[in-house]
file final_5.txt (compact mmCIF, C-alpha atoms)
# COMPACT_ATOMS: atom_id res chain seq x y z
CA MET A 2 83.36 128.10 96.65
CA ASN A 3 79.93 128.29 95.07
CA LYS A 4 78.02 125.57 93.30
CA THR A 5 79.09 126.35 89.73
CA SER A 6 82.75 126.55 90.60
CA THR A 7 82.44 123.12 92.21
CA LEU A 8 81.21 121.76 88.87
CA ARG A 9 84.07 123.50 87.09
CA ASN A 10 86.66 122.11 89.48
CA ALA A 11 85.13 118.62 89.47
CA LEU A 12 85.47 118.52 85.68
CA MET A 13 89.19 119.17 86.04
CA LEU A 14 89.56 116.14 88.27
CA ALA A 15 89.25 113.62 85.41
CA PRO A 16 92.25 114.91 83.41
CA LEU A 17 94.11 115.67 86.63
CA ILE A 18 94.06 112.00 87.59
CA GLY A 19 93.80 110.35 84.20
CA ALA A 20 96.41 112.21 82.17
CA THR A 21 99.17 112.71 84.72
CA GLU A 22 100.96 109.35 84.71
CA ALA A 23 103.81 111.21 82.99
CA TRP A 24 104.53 114.91 83.14
CA LEU A 25 104.89 115.26 79.37
CA THR A 26 101.42 113.81 78.83
CA ALA A 27 100.08 116.24 81.42
CA LEU A 28 101.86 119.19 79.86
CA GLY A 29 100.51 118.28 76.42
CA LEU A 30 96.94 118.12 77.67
CA TRP A 31 97.27 121.38 79.53
CA LEU A 32 98.71 123.13 76.45
CA MET A 33 95.76 121.86 74.43
CA PHE A 34 93.40 123.06 77.15
CA PHE A 35 95.04 126.48 77.15
CA VAL A 36 94.94 126.88 73.36
CA VAL A 37 91.32 125.75 73.02
CA ILE A 38 90.10 127.89 75.94
CA ASN A 39 91.78 130.98 74.49
CA ALA A 40 90.58 130.37 70.94
CA TYR A 41 87.12 129.86 72.36
CA ASP A 42 87.36 133.06 74.36
CA VAL A 43 88.36 135.14 71.32
CA SER A 44 85.67 133.73 69.00
CA MET A 45 82.91 133.79 71.60
CA ALA A 46 83.71 137.40 72.52
CA ALA A 47 82.96 138.35 68.92
CA LEU A 48 79.71 136.39 68.88
CA ARG A 49 78.28 136.97 72.35
CA SER A 50 76.91 140.47 71.81
CA ARG A 51 75.31 139.48 68.51
CA LEU A 52 73.35 136.57 69.95
CA ILE A 53 70.16 136.62 71.99
CA PRO A 54 70.69 134.81 75.33
CA SER A 55 68.61 131.75 74.42
CA THR A 56 70.88 130.85 71.49
CA ARG A 57 74.16 131.32 73.34
CA LEU A 58 74.25 127.79 74.73
CA LEU A 59 73.88 126.26 71.27
CA ALA A 60 76.54 128.56 69.84
CA SER A 61 78.84 127.73 72.71
CA ILE A 62 78.41 123.98 72.12
CA LEU A 63 79.05 124.32 68.38
CA LEU A 64 82.12 126.44 68.90
CA ALA A 65 83.59 124.27 71.65
CA ALA A 66 83.00 121.08 69.64
CA THR A 67 84.61 122.54 66.50
CA LEU A 68 87.66 123.89 68.30
CA THR A 69 88.20 120.72 70.33
CA SER A 70 87.83 118.46 67.28
CA CYS A 71 90.36 120.50 65.32
CA ALA A 72 92.76 120.58 68.27
CA GLU A 73 92.41 116.81 68.67
CA LEU A 74 93.21 116.26 64.99
CA ALA A 75 96.20 118.57 65.25
CA ALA A 76 97.37 116.65 68.31
CA GLN A 77 97.05 113.38 66.39
CA VAL A 78 99.24 114.76 63.63
CA GLY A 79 101.73 115.97 66.22
CA SER A 80 101.92 112.78 68.24
CA LEU A 81 99.49 109.95 67.75
CA GLN A 82 101.07 108.13 70.67
CA TRP A 83 100.25 110.99 73.03
CA HIS A 84 96.73 111.11 71.68
CA GLN A 85 96.20 107.39 72.30
CA HIS A 86 97.17 107.98 75.93
CA ALA A 87 95.38 111.21 76.72
CA GLY A 88 92.98 111.80 73.81
CA ILE A 89 89.99 110.63 75.80
CA TYR A 90 90.56 113.48 78.26
CA ALA A 91 91.09 115.97 75.46
CA GLY A 92 87.45 115.46 74.47
CA LEU A 93 86.44 116.77 77.88
CA ILE A 94 87.86 120.20 77.03
CA ALA A 95 84.76 120.90 74.94
CA LEU A 96 82.54 120.20 77.91
CA GLN A 97 84.75 122.34 80.10
CA CYS A 98 84.34 125.28 77.67
CA VAL A 99 80.55 125.01 77.85
CA VAL A 100 80.61 124.82 81.66
CA LEU A 101 82.97 127.80 81.91
CA GLU A 102 80.73 129.78 79.58
CA HIS A 103 77.74 128.87 81.71
CA ASN A 104 79.27 130.02 84.99
CA GLY A 105 80.57 133.30 83.62
CA PHE A 106 84.27 132.43 83.65
CA PHE A 107 84.89 134.49 80.50
CA GLN A 108 83.46 137.62 82.11
CA GLU A 109 85.94 137.41 84.99
CA PRO A 110 89.03 139.66 84.89
CA ARG A 111 91.71 138.40 82.57
CA LEU A 112 94.26 138.06 85.36
CA ASP A 113 91.99 135.81 87.44
CA ARG A 114 91.43 133.56 84.46
CA LEU A 115 95.13 133.33 83.72
CA ARG A 116 95.80 132.53 87.36
CA LEU A 117 93.28 129.67 87.32
CA CYS A 118 94.72 128.29 84.06
CA GLY A 119 98.24 128.56 85.42
CA LEU A 120 97.26 126.89 88.68
CA PHE A 121 95.63 124.04 86.81
CA GLY A 122 98.70 123.62 84.61
CA ALA A 123 101.09 123.71 87.55
CA LEU A 124 98.99 121.16 89.40
CA MET A 125 98.85 118.82 86.41
CA VAL A 126 102.54 118.99 85.56
CA GLY A 127 103.47 118.83 89.26
CA LEU A 128 101.34 115.77 89.88
CA GLY A 129 102.72 114.21 86.69
CA LEU A 130 106.29 114.81 87.86
CA VAL A 131 105.65 113.40 91.33
CA ARG A 132 103.89 110.32 89.97
CA GLU A 133 106.62 109.69 87.42
CA LEU A 134 109.36 110.08 90.03
CA ILE A 135 107.68 107.72 92.47
CA GLY A 136 106.88 105.28 89.67
CA ASN A 137 110.50 105.28 88.45
CA SER A 138 111.80 104.67 91.95
CA GLY A 139 110.04 101.30 91.93
CA LEU A 140 106.59 101.99 93.34
CA HIS A 141 104.66 101.20 90.16
CA PHE A 142 101.36 101.82 91.97
CA ALA A 143 101.81 105.60 91.73
CA THR A 144 101.47 105.50 87.95
CA LEU A 145 98.11 103.74 88.12
CA VAL A 146 94.86 105.68 88.47
CA PRO A 147 94.14 104.62 92.09
CA GLY A 148 97.69 105.64 93.00
CA GLY A 149 97.06 109.04 91.45
CA PHE A 150 93.93 109.47 93.54
CA ILE A 151 95.70 108.58 96.77
CA LEU A 152 98.61 110.87 95.93
CA LEU A 153 96.27 113.77 95.21
CA GLY A 154 94.50 113.09 98.52
CA LEU A 155 97.83 113.15 100.36
CA LEU A 156 98.83 116.38 98.62
CA ILE A 157 95.55 118.05 99.60
CA ALA A 158 95.94 116.83 103.18
CA ALA A 159 99.50 118.19 103.31
CA TRP A 160 98.32 121.50 101.86
CA GLN A 161 95.57 121.84 104.44
CA ALA A 162 97.86 120.89 107.32
CA TRP A 163 100.36 123.50 106.16
CA HIS A 164 97.76 126.24 105.98
CA ARG A 165 95.94 125.43 109.20
CA PRO A 166 96.29 128.35 111.57
CA THR A 167 98.52 127.37 114.48
CA PRO A 168 96.52 127.40 117.73
CA SER A 169 97.40 130.50 119.67
CA HIS A 170 97.38 130.75 123.45
CA MET B 3 70.41 141.95 68.27
CA ASN B 4 67.28 140.11 67.28
CA ARG B 5 66.06 136.59 66.83
CA ALA B 6 66.65 136.40 63.07
CA THR B 7 70.27 137.55 63.26
CA SER B 8 70.95 135.06 66.04
CA VAL B 9 69.52 132.18 64.03
CA VAL B 10 71.51 133.18 60.95
CA ILE B 11 74.70 133.35 63.03
CA LEU B 12 73.96 129.92 64.53
CA VAL B 13 73.41 128.37 61.10
CA LEU B 14 76.60 129.98 59.80
CA LEU B 15 78.49 128.78 62.87
CA ALA B 16 77.21 125.24 62.43
CA GLY B 17 78.12 125.24 58.74
CA LEU B 18 81.53 126.70 59.40
CA GLY B 19 82.16 124.27 62.24
CA ILE B 20 81.28 121.25 60.13
CA GLY B 21 83.25 122.58 57.17
CA VAL B 22 86.39 123.38 59.14
CA THR B 23 86.34 120.08 61.02
CA TYR B 24 85.82 118.17 57.77
CA PHE B 25 88.64 120.04 56.08
CA VAL B 26 91.09 119.55 58.97
CA GLN B 27 90.16 115.87 59.20
CA HIS B 28 90.65 115.44 55.46
CA ALA B 29 94.01 117.23 55.51
CA SER B 30 95.41 115.38 58.52
CA GLU B 31 94.14 111.89 57.67
CA PRO B 32 97.17 110.73 55.60
CA ARG B 33 99.67 111.82 58.24
CA ILE B 34 97.66 110.25 61.06
CA SER B 35 97.38 106.92 59.27
CA ALA B 36 101.08 107.01 58.41
CA GLN B 37 101.84 107.43 62.12
CA GLN B 38 99.43 104.63 62.95
CA ARG B 39 101.26 102.31 60.57
CA LEU B 40 104.59 103.27 62.08
CA ILE B 41 103.32 102.54 65.61
CA ASP B 42 101.81 99.25 64.42
CA SER B 43 104.96 98.07 62.74
CA ARG B 44 107.09 99.12 65.70
CA THR B 45 104.95 97.15 68.16
CA LEU B 46 104.58 94.13 65.89
CA LEU B 47 107.98 93.80 64.32
CA ASP B 48 110.34 94.23 67.24
CA LEU B 49 110.03 90.47 67.81
CA LEU B 50 112.12 89.94 64.68
CA THR B 51 115.75 90.94 64.34
CA PRO B 52 116.00 93.63 61.66
CA ASP B 53 118.28 91.56 59.42
CA SER B 54 116.01 88.51 59.45
CA TYR B 55 113.55 89.96 56.92
CA ASP B 56 113.57 92.35 54.00
CA ASN B 57 109.89 92.60 53.12
CA GLN B 58 107.08 94.58 54.74
CA PRO B 59 105.45 91.82 56.81
CA LEU B 60 102.41 93.96 57.62
CA ASP B 61 101.68 94.17 53.89
CA GLN B 62 101.80 90.41 53.67
CA PRO B 63 98.99 89.17 55.90
CA LEU B 64 98.33 85.45 56.07
CA VAL B 65 94.89 84.10 55.32
CA LEU B 66 93.96 83.16 58.85
CA GLU B 67 90.67 84.19 60.29
CA ASN B 68 89.35 83.09 63.65
CA ILE B 69 90.85 79.62 63.54
CA ARG B 70 89.81 77.83 66.72
CA LEU B 71 92.60 75.92 68.40
CA PRO B 72 92.16 73.79 71.56
CA ASN B 73 92.98 76.63 74.00
CA SER B 74 93.10 79.74 71.86
CA THR B 75 91.96 81.42 68.66
CA LEU B 76 94.19 82.63 65.84
CA LEU B 77 93.07 86.09 64.75
CA GLY B 78 95.52 86.59 61.93
CA GLY B 79 99.14 86.52 60.96
CA TYR B 80 101.91 88.02 58.86
CA LEU B 81 104.69 86.52 56.82
CA ALA B 82 108.26 87.80 56.99
CA THR B 83 110.50 86.88 54.09
CA LYS B 84 114.14 87.38 53.21
CA ALA B 85 115.29 87.21 49.61
CA SER B 86 111.75 85.92 48.84
CA GLN B 87 112.30 82.95 51.16
CA PRO B 88 109.95 82.79 54.15
CA SER B 89 111.94 83.48 57.30
CA ALA B 90 109.27 83.77 59.98
CA VAL B 91 105.56 84.00 60.64
CA LEU B 92 103.89 86.28 63.17
CA LEU B 93 100.65 84.88 64.58
CA ARG B 94 98.12 86.93 66.50
CA SER B 95 96.56 84.67 69.04
CA GLN B 96 93.75 85.31 71.48
CA THR B 97 93.20 83.35 74.66
CA LEU B 98 91.27 83.73 77.88
CA GLY B 99 93.19 84.83 80.97
CA TYR B 100 92.03 85.44 84.52
CA GLU B 101 90.31 88.80 83.97
CA GLY B 102 89.52 88.68 80.26
CA SER B 103 90.96 87.97 76.88
CA ILE B 104 94.68 88.17 76.22
CA GLU B 105 96.04 88.91 72.77
CA LEU B 106 99.51 87.63 72.00
CA LEU B 107 101.83 88.02 69.07
CA ILE B 108 103.82 84.84 68.54
CA ALA B 109 106.77 84.79 66.16
CA ILE B 110 107.85 81.42 64.79
CA GLY B 111 110.88 80.89 62.58
CA ALA B 112 110.69 78.91 59.36
CA ASN B 113 112.43 76.06 61.23
CA GLY B 114 109.47 75.79 63.62
CA LYS B 115 111.32 77.30 66.57
CA LEU B 116 109.78 80.08 68.58
CA LEU B 117 111.43 83.47 68.02
CA GLY B 118 109.50 85.39 70.63
CA VAL B 119 106.18 86.16 72.27
CA LYS B 120 104.75 89.56 73.00
CA THR B 121 101.54 90.66 74.68
CA LEU B 122 99.45 92.99 72.54
CA LYS B 123 96.37 93.36 74.74
CA GLN B 124 95.53 92.18 78.23
CA SER B 125 93.49 93.19 81.24
CA GLU B 126 95.07 90.95 83.89
CA THR B 127 95.58 92.03 87.49
CA PRO B 128 98.22 94.79 87.59
CA ALA B 129 101.53 93.69 89.14
CA LEU B 130 100.47 90.00 89.02
CA GLY B 131 99.23 88.59 85.70
CA GLY B 132 99.54 92.09 84.24
CA LYS B 133 103.31 91.55 84.18
CA ILE B 134 102.90 89.76 80.84
CA ALA B 135 102.48 93.22 79.31
CA ASP B 136 106.00 94.31 80.34
CA TRP B 137 108.41 94.57 77.46
CA PRO B 138 111.09 93.23 77.31
CA ASN B 139 109.77 90.37 79.38
CA THR B 140 111.99 87.80 81.07
CA TRP B 141 109.17 85.35 81.66
CA LEU B 142 108.10 85.33 78.00
CA GLN B 143 111.74 85.05 76.88
CA VAL B 144 111.89 81.56 78.42
CA PHE B 145 109.88 80.24 75.47
CA THR B 146 112.32 81.50 72.86
CA GLY B 147 113.96 78.64 70.97
CA LYS B 148 111.33 76.11 72.03
CA SER B 149 109.29 74.24 69.43
CA ARG B 150 106.29 71.97 69.24
CA ASN B 151 108.26 68.86 70.20
CA ASP B 152 110.88 70.50 72.42
CA PRO B 153 109.69 70.00 75.13
CA GLY B 154 107.13 67.27 74.42
CA ASP B 155 103.41 67.70 74.96
CA THR B 156 103.58 67.02 78.71
CA GLY B 157 106.44 69.46 79.15
CA TRP B 158 104.39 72.34 77.73
CA ALA B 159 102.80 73.17 81.06
CA LEU B 160 103.52 74.79 84.41
CA LYS B 161 105.69 72.94 86.89
CA LYS B 162 102.67 72.61 89.16
CA ASP B 163 100.94 70.79 86.27
CA GLN B 164 103.97 68.46 85.88
CA GLY B 165 105.33 70.56 83.03
CA GLN B 166 108.68 72.30 82.83
CA PHE B 167 107.86 76.02 82.96
CA ASP B 168 107.85 78.37 85.93
CA GLN B 169 104.77 80.49 86.39
CA ILE B 170 104.39 84.19 87.10
CA ALA B 171 104.06 84.38 90.89
CA GLY B 172 100.43 84.77 91.90
CA ALA B 173 99.11 84.39 88.37
CA THR B 174 98.62 80.69 87.67
CA ILE B 175 95.64 81.11 85.35
CA THR B 176 97.33 83.84 83.29
CA SER B 177 100.53 81.78 83.00
CA ARG B 178 98.61 78.65 82.03
CA ALA B 179 96.66 80.55 79.36
CA VAL B 180 99.82 81.99 77.80
CA ILE B 181 101.65 78.64 77.76
CA SER B 182 98.69 76.88 76.16
CA ALA B 183 98.31 79.59 73.53
CA VAL B 184 102.01 79.46 72.63
CA HIS B 185 101.87 75.67 72.40
CA ASP B 186 98.71 75.90 70.26
CA ALA B 187 100.42 78.28 67.86
CA LEU B 188 103.52 76.06 67.56
CA ARG B 189 101.33 73.02 66.96
CA PHE B 190 99.35 74.88 64.30
CA PHE B 191 102.57 75.91 62.58
CA ASP B 192 103.84 72.34 62.73
CA GLU B 193 100.64 70.92 61.24
CA HIS B 194 100.02 73.56 58.55
CA PRO B 195 103.43 74.56 57.12
CA GLN B 196 101.94 74.62 53.63
CA GLN B 197 99.31 77.17 54.58
CA LEU B 198 101.74 79.40 56.46
CA ILE B 199 105.03 79.34 54.55
CA GLY B 200 104.50 76.75 51.82
CA SER B 201 103.01 78.83 49.05
CA SER B 202 105.62 81.55 48.96
CA ALA B 203 108.52 79.12 49.46
CA HIS B 204 108.27 78.23 45.78
CA GLU B 205 107.94 81.73 44.39

call {"tool": "encode", "arguments": {"input": "final_5.txt", "output": "structure tokens"}}
result
Amino acid sequence: MNKTSTLRNALMLAPLIGATEAWLTALGLWLMFFVVINAYDVSMAALRSRLIPSTRLLASILLAATLTSCAELAAQVGSLQWHQHAGIYAGLIALQCVVLEHNGFFQEPRLDRLRLCGLFGALMVGLGLVRELIGNSGLHFATLVPGGFILLGLLIAAWQAWHRPTPSH
Amino acid sequence: MNRATSVVILVLLAGLGIGVTYFVQHASEPRISAQQRLIDSRTLLDLLTPDSYDNQPLDQPLVLENIRLPNSTLLGGYLATKASQPSAVLLRSQTLGYEGSIELLIAIGANGKLLGVKTLKQSETPALGGKIADWPNTWLQVFTGKSRNDPGDTGWALKKDQGQFDQIAGATITSRAVISAVHDALRFFDEHPQQLIGSSAHE
């Protein structure tokens, strides 16, 4: 994992913890993420070759801000209640676009990109489901942000324990 | 590709971005504010039984602005009427809890009896004082039917303060703040019936 992918993954942490107290909230945010990233990809592909490198950052910011603002407004029309819960994380999508542009995500093969998006979505919805289930079974703590952090930590620990090579003799 | 083309594209992109965002904002504004009103009325009006009013209470705000009471501040209020007779008032009251300010919505019937209390905003300790945000709320339901003089002034307190109400376990300060604010609101209603329901009673 290189330095820029650390930045990219760290940016996903905020919505991963903040917008997963219910799986529907998580799914909504991920759908918005997916739509904005793809719209950004299509429009930036048309622009990239026509811009000199020094103006690409500015173009990327303008495009990401426009697309995210429009998506946020559309989300508010769709469900204002959802937006009041998760809207603050939706704003981060614009930043994520700029970071992804910066570390060459859009030049990677299409399949790799889809896999990353899918993984992120599965993780968000999965964490949302687990937190909601635990929260409904009486442990209210799981639906709070610190509970989400601890749960994610436990999941990562379980993942690593599972994948640790068994010591051979 | 050269510098001039890039600059022209950037300017076009900026213009387009601003234009599109403005247009989308303009087009979606009515629907967003309609949803906001629906959410507002749902959170505010579920204290009243649907057949107890036939007006739009949110369109009938009371002239109350930052009225300081002994333990709380009234931020505003709404009047519910039925057949043009006032049936209830909703008072938005702000008080200071353990962690910060607490905003309550207190519904009082025209007879001066409490119809219900609901927490609108709070930042109390989760799972302790934060329980006042639960809805429906068994602790807040205890106040329903009480009025300024039932119980008397000394009764409007926690049992540990020689009053008659239980507290939320582990949240004395939060409980005390809520009780005082409810009592303040009932006292205000009792002392200013003219200002709250008087004027429209004769319409």

call {"tool": "residues_around", "arguments": {"input": "final_5.txt", "residues": "Glu67 of chain B", "least_positions_apart": "4", "cutoff": "12 Å", "atoms": "all atoms listed in the file", "output": "PyMOL selection string"}}
result
chain B and resi 63+71+75-80+93-96

call {"tool": "interface_residues", "arguments": {"input": "final_5.txt", "of": "chain A", "to": "chain B", "cutoff": "9 Å", "atoms": "all atoms listed in the file", "output": "PyMOL selection string"}}
result
chain A and resi 48+50-53+56-57+59-60+63-64+66-68+70-71+74-75+77-82+141-142+145

call {"tool": "atom_distance", "arguments": {"input": "final_5.txt", "atom1": "atom CA of Ala162 of chain A", "atom2": "atom CA of Glu133 of chain A"}}
result
24.5 Å

call {"tool": "atom_distance", "arguments": {"input": "final_5.txt", "atom1": "atom CA of Lys161 of chain B", "atom2": "atom CA of Glu193 of chain B"}}
result
26.2 Å

call {"tool": "atom_distance", "arguments": {"input": "final_5.txt", "atom1": "atom CA of Leu134 of chain A", "atom2": "atom CA of Ala23 of chain A"}}
result
9.0 Å

call {"tool": "residues_around", "arguments": {"input": "final_5.txt", "residues": "segment 83-91 of chain A", "least_positions_apart": "6", "cutoff": "7 Å", "atoms": "all atoms listed in the file", "output": "ChimeraX atom specification"}}
result
/A:16,20,26,30,73,76-77

call {"tool": "build_atoms", "arguments": {"input": "final_5.txt", "residues": "segment 129-161 of chain B", "atoms": "N, CA and C atoms", "output": "PDB file, keeping the file's coordinate frame"}}
result
ATOM      1  N   ALA B 129     100.448  94.151  88.268  1.00  0.00           N
ATOM      2  CA  ALA B 129     101.530  93.690  89.140  1.00  0.00           C
ATOM      3  C   ALA B 129     101.511  92.173  89.388  1.00  0.00           C
ATOM      4  N   LEU B 130     100.445  91.477  88.972  1.00  0.00           N
ATOM      5  CA  LEU B 130     100.470  90.000  89.020  1.00  0.00           C
ATOM      6  C   LEU B 130     100.467  89.510  87.577  1.00  0.00           C
ATOM      7  N   GLY B 131      99.288  89.065  87.086  1.00  0.00           N
ATOM      8  CA  GLY B 131      99.230  88.590  85.700  1.00  0.00           C
ATOM      9  C   GLY B 131      99.549  89.696  84.715  1.00  0.00           C
ATOM     10  N   GLY B 132      99.288  90.949  85.116  1.00  0.00           N
ATOM     11  CA  GLY B 132      99.540  92.090  84.240  1.00  0.00           C
ATOM     12  C   GLY B 132     100.995  92.215  83.828  1.00  0.00           C
ATOM     13  N   LYS B 133     101.889  91.496  84.539  1.00  0.00           N
ATOM     14  CA  LYS B 133     103.310  91.550  84.180  1.00  0.00           C
ATOM     15  C   LYS B 133     103.582  91.031  82.781  1.00  0.00           C
ATOM     16  N   ILE B 134     102.652  90.244  82.202  1.00  0.00           N
ATOM     17  CA  ILE B 134     102.900  89.760  80.840  1.00  0.00           C
ATOM     18  C   ILE B 134     102.962  90.915  79.845  1.00  0.00           C
ATOM     19  N   ALA B 135     102.450  92.092  80.237  1.00  0.00           N
ATOM     20  CA  ALA B 135     102.480  93.220  79.310  1.00  0.00           C
ATOM     21  C   ALA B 135     103.831  93.928  79.312  1.00  0.00           C
ATOM     22  N   ASP B 136     104.686  93.654  80.305  1.00  0.00           N
ATOM     23  CA  ASP B 136     106.000  94.310  80.340  1.00  0.00           C
ATOM     24  C   ASP B 136     106.803  93.926  79.105  1.00  0.00           C
ATOM     25  N   TRP B 137     107.573  94.835  78.619  1.00  0.00           N
ATOM     26  CA  TRP B 137     108.410  94.570  77.460  1.00  0.00           C
ATOM     27  C   TRP B 137     109.694  95.327  77.595  1.00  0.00           C
ATOM     28  N   PRO B 138     110.859  94.672  77.484  1.00  0.00           N
ATOM     29  CA  PRO B 138     111.090  93.230  77.310  1.00  0.00           C
ATOM     30  C   PRO B 138     110.679  92.442  78.558  1.00  0.00           C
ATOM     31  N   ASN B 139     110.435  91.156  78.351  1.00  0.00           N
ATOM     32  CA  ASN B 139     109.770  90.370  79.380  1.00  0.00           C
ATOM     33  C   ASN B 139     110.548  89.078  79.614  1.00  0.00           C
ATOM     34  N   THR B 140     111.147  88.972  80.795  1.00  0.00           N
ATOM     35  CA  THR B 140     111.990  87.800  81.070  1.00  0.00           C
ATOM     36  C   THR B 140     111.182  86.509  81.091  1.00  0.00           C
ATOM     37  N   TRP B 141     109.954  86.588  81.589  1.00  0.00           N
ATOM     38  CA  TRP B 141     109.170  85.350  81.660  1.00  0.00           C
ATOM     39  C   TRP B 141     108.832  84.844  80.256  1.00  0.00           C
ATOM     40  N   LEU B 142     108.448  85.761  79.357  1.00  0.00           N
ATOM     41  CA  LEU B 142     108.100  85.330  78.000  1.00  0.00           C
ATOM     42  C   LEU B 142     109.338  84.903  77.207  1.00  0.00           C
ATOM     43  N   GLN B 143     110.519  85.414  77.609  1.00  0.00           N
ATOM     44  CA  GLN B 143     111.740  85.050  76.880  1.00  0.00           C
ATOM     45  C   GLN B 143     112.115  83.573  77.071  1.00  0.00           C
ATOM     46  N   VAL B 144     111.582  82.966  78.147  1.00  0.00           N
ATOM     47  CA  VAL B 144     111.890  81.560  78.420  1.00  0.00           C
ATOM     48  C   VAL B 144     111.455  80.668  77.251  1.00  0.00           C
ATOM     49  N   PHE B 145     110.410  81.092  76.550  1.00  0.00           N
ATOM     50  CA  PHE B 145     109.880  80.240  75.470  1.00  0.00           C
ATOM     51  C   PHE B 145     110.712  80.318  74.193  1.00  0.00           C
ATOM     52  N   THR B 146     111.545  81.321  74.080  1.00  0.00           N
ATOM     53  CA  THR B 146     112.320  81.500  72.860  1.00  0.00           C
ATOM     54  C   THR B 146     113.191  80.274  72.580  1.00  0.00           C
ATOM     55  N   GLY B 147     113.149  79.794  71.342  1.00  0.00           N
ATOM     56  CA  GLY B 147     113.960  78.640  70.970  1.00  0.00           C
ATOM     57  C   GLY B 147     113.241  77.309  71.146  1.00  0.00           C
ATOM     58  N   LYS B 148     112.095  77.346  71.856  1.00  0.00           N
ATOM     59  CA  LYS B 148     111.330  76.110  72.030  1.00  0.00           C
ATOM     60  C   LYS B 148     110.541  75.824  70.741  1.00  0.00           C
ATOM     61  N   SER B 149     110.120  74.557  70.590  1.00  0.00           N
ATOM     62  CA  SER B 149     109.290  74.240  69.430  1.00  0.00           C
ATOM     63  C   SER B 149     108.197  73.267  69.860  1.00  0.00           C
ATOM     64  N   ARG B 150     107.423  72.805  68.885  1.00  0.00           N
ATOM     65  CA  ARG B 150     106.290  71.970  69.240  1.00  0.00           C
ATOM     66  C   ARG B 150     106.722  70.733  70.008  1.00  0.00           C
ATOM     67  N   ASN B 151     107.840  70.114  69.582  1.00  0.00           N
ATOM     68  CA  ASN B 151     108.260  68.860  70.200  1.00  0.00           C
ATOM     69  C   ASN B 151     109.409  69.034  71.197  1.00  0.00           C
ATOM     70  N   ASP B 152     109.798  70.266  71.453  1.00  0.00           N
ATOM     71  CA  ASP B 152     110.880  70.500  72.420  1.00  0.00           C
ATOM     72  C   ASP B 152     110.418  71.591  73.381  1.00  0.00           C
ATOM     73  N   PRO B 153     109.916  71.321  74.523  1.00  0.00           N
ATOM     74  CA  PRO B 153     109.690  70.000  75.130  1.00  0.00           C
ATOM     75  C   PRO B 153     108.480  69.276  74.524  1.00  0.00           C
ATOM     76  N   GLY B 154     108.276  68.040  74.908  1.00  0.00           N
ATOM     77  CA  GLY B 154     107.130  67.270  74.420  1.00  0.00           C
ATOM     78  C   GLY B 154     105.818  67.803  74.985  1.00  0.00           C
ATOM     79  N   ASP B 155     104.725  67.190  74.577  1.00  0.00           N
ATOM     80  CA  ASP B 155     103.410  67.700  74.960  1.00  0.00           C
ATOM     81  C   ASP B 155     103.246  67.860  76.467  1.00  0.00           C
ATOM     82  N   THR B 156     103.772  66.914  77.255  1.00  0.00           N
ATOM     83  CA  THR B 156     103.580  67.020  78.710  1.00  0.00           C
ATOM     84  C   THR B 156     104.440  68.136  79.291  1.00  0.00           C
ATOM     85  N   GLY B 157     105.559  68.412  78.644  1.00  0.00           N
ATOM     86  CA  GLY B 157     106.440  69.460  79.150  1.00  0.00           C
ATOM     87  C   GLY B 157     105.866  70.853  78.966  1.00  0.00           C
ATOM     88  N   TRP B 158     104.977  71.027  78.000  1.00  0.00           N
ATOM     89  CA  TRP B 158     104.390  72.340  77.730  1.00  0.00           C
ATOM     90  C   TRP B 158     103.324  72.668  78.772  1.00  0.00           C
ATOM     91  N   ALA B 159     103.741  72.845  79.990  1.00  0.00           N
ATOM     92  CA  ALA B 159     102.800  73.170  81.060  1.00  0.00           C
ATOM     93  C   ALA B 159     103.582  73.773  82.217  1.00  0.00           C
ATOM     94  N   LEU B 160     102.873  74.253  83.212  1.00  0.00           N
ATOM     95  CA  LEU B 160     103.520  74.790  84.410  1.00  0.00           C
ATOM     96  C   LEU B 160     104.102  73.648  85.220  1.00  0.00           C
ATOM     97  N   LYS B 161     105.101  73.968  86.039  1.00  0.00           N
ATOM     98  CA  LYS B 161     105.690  72.940  86.890  1.00  0.00           C
ATOM     99  C   LYS B 161     104.633  72.323  87.806  1.00  0.00           C
TER     100      LYS B 161
END
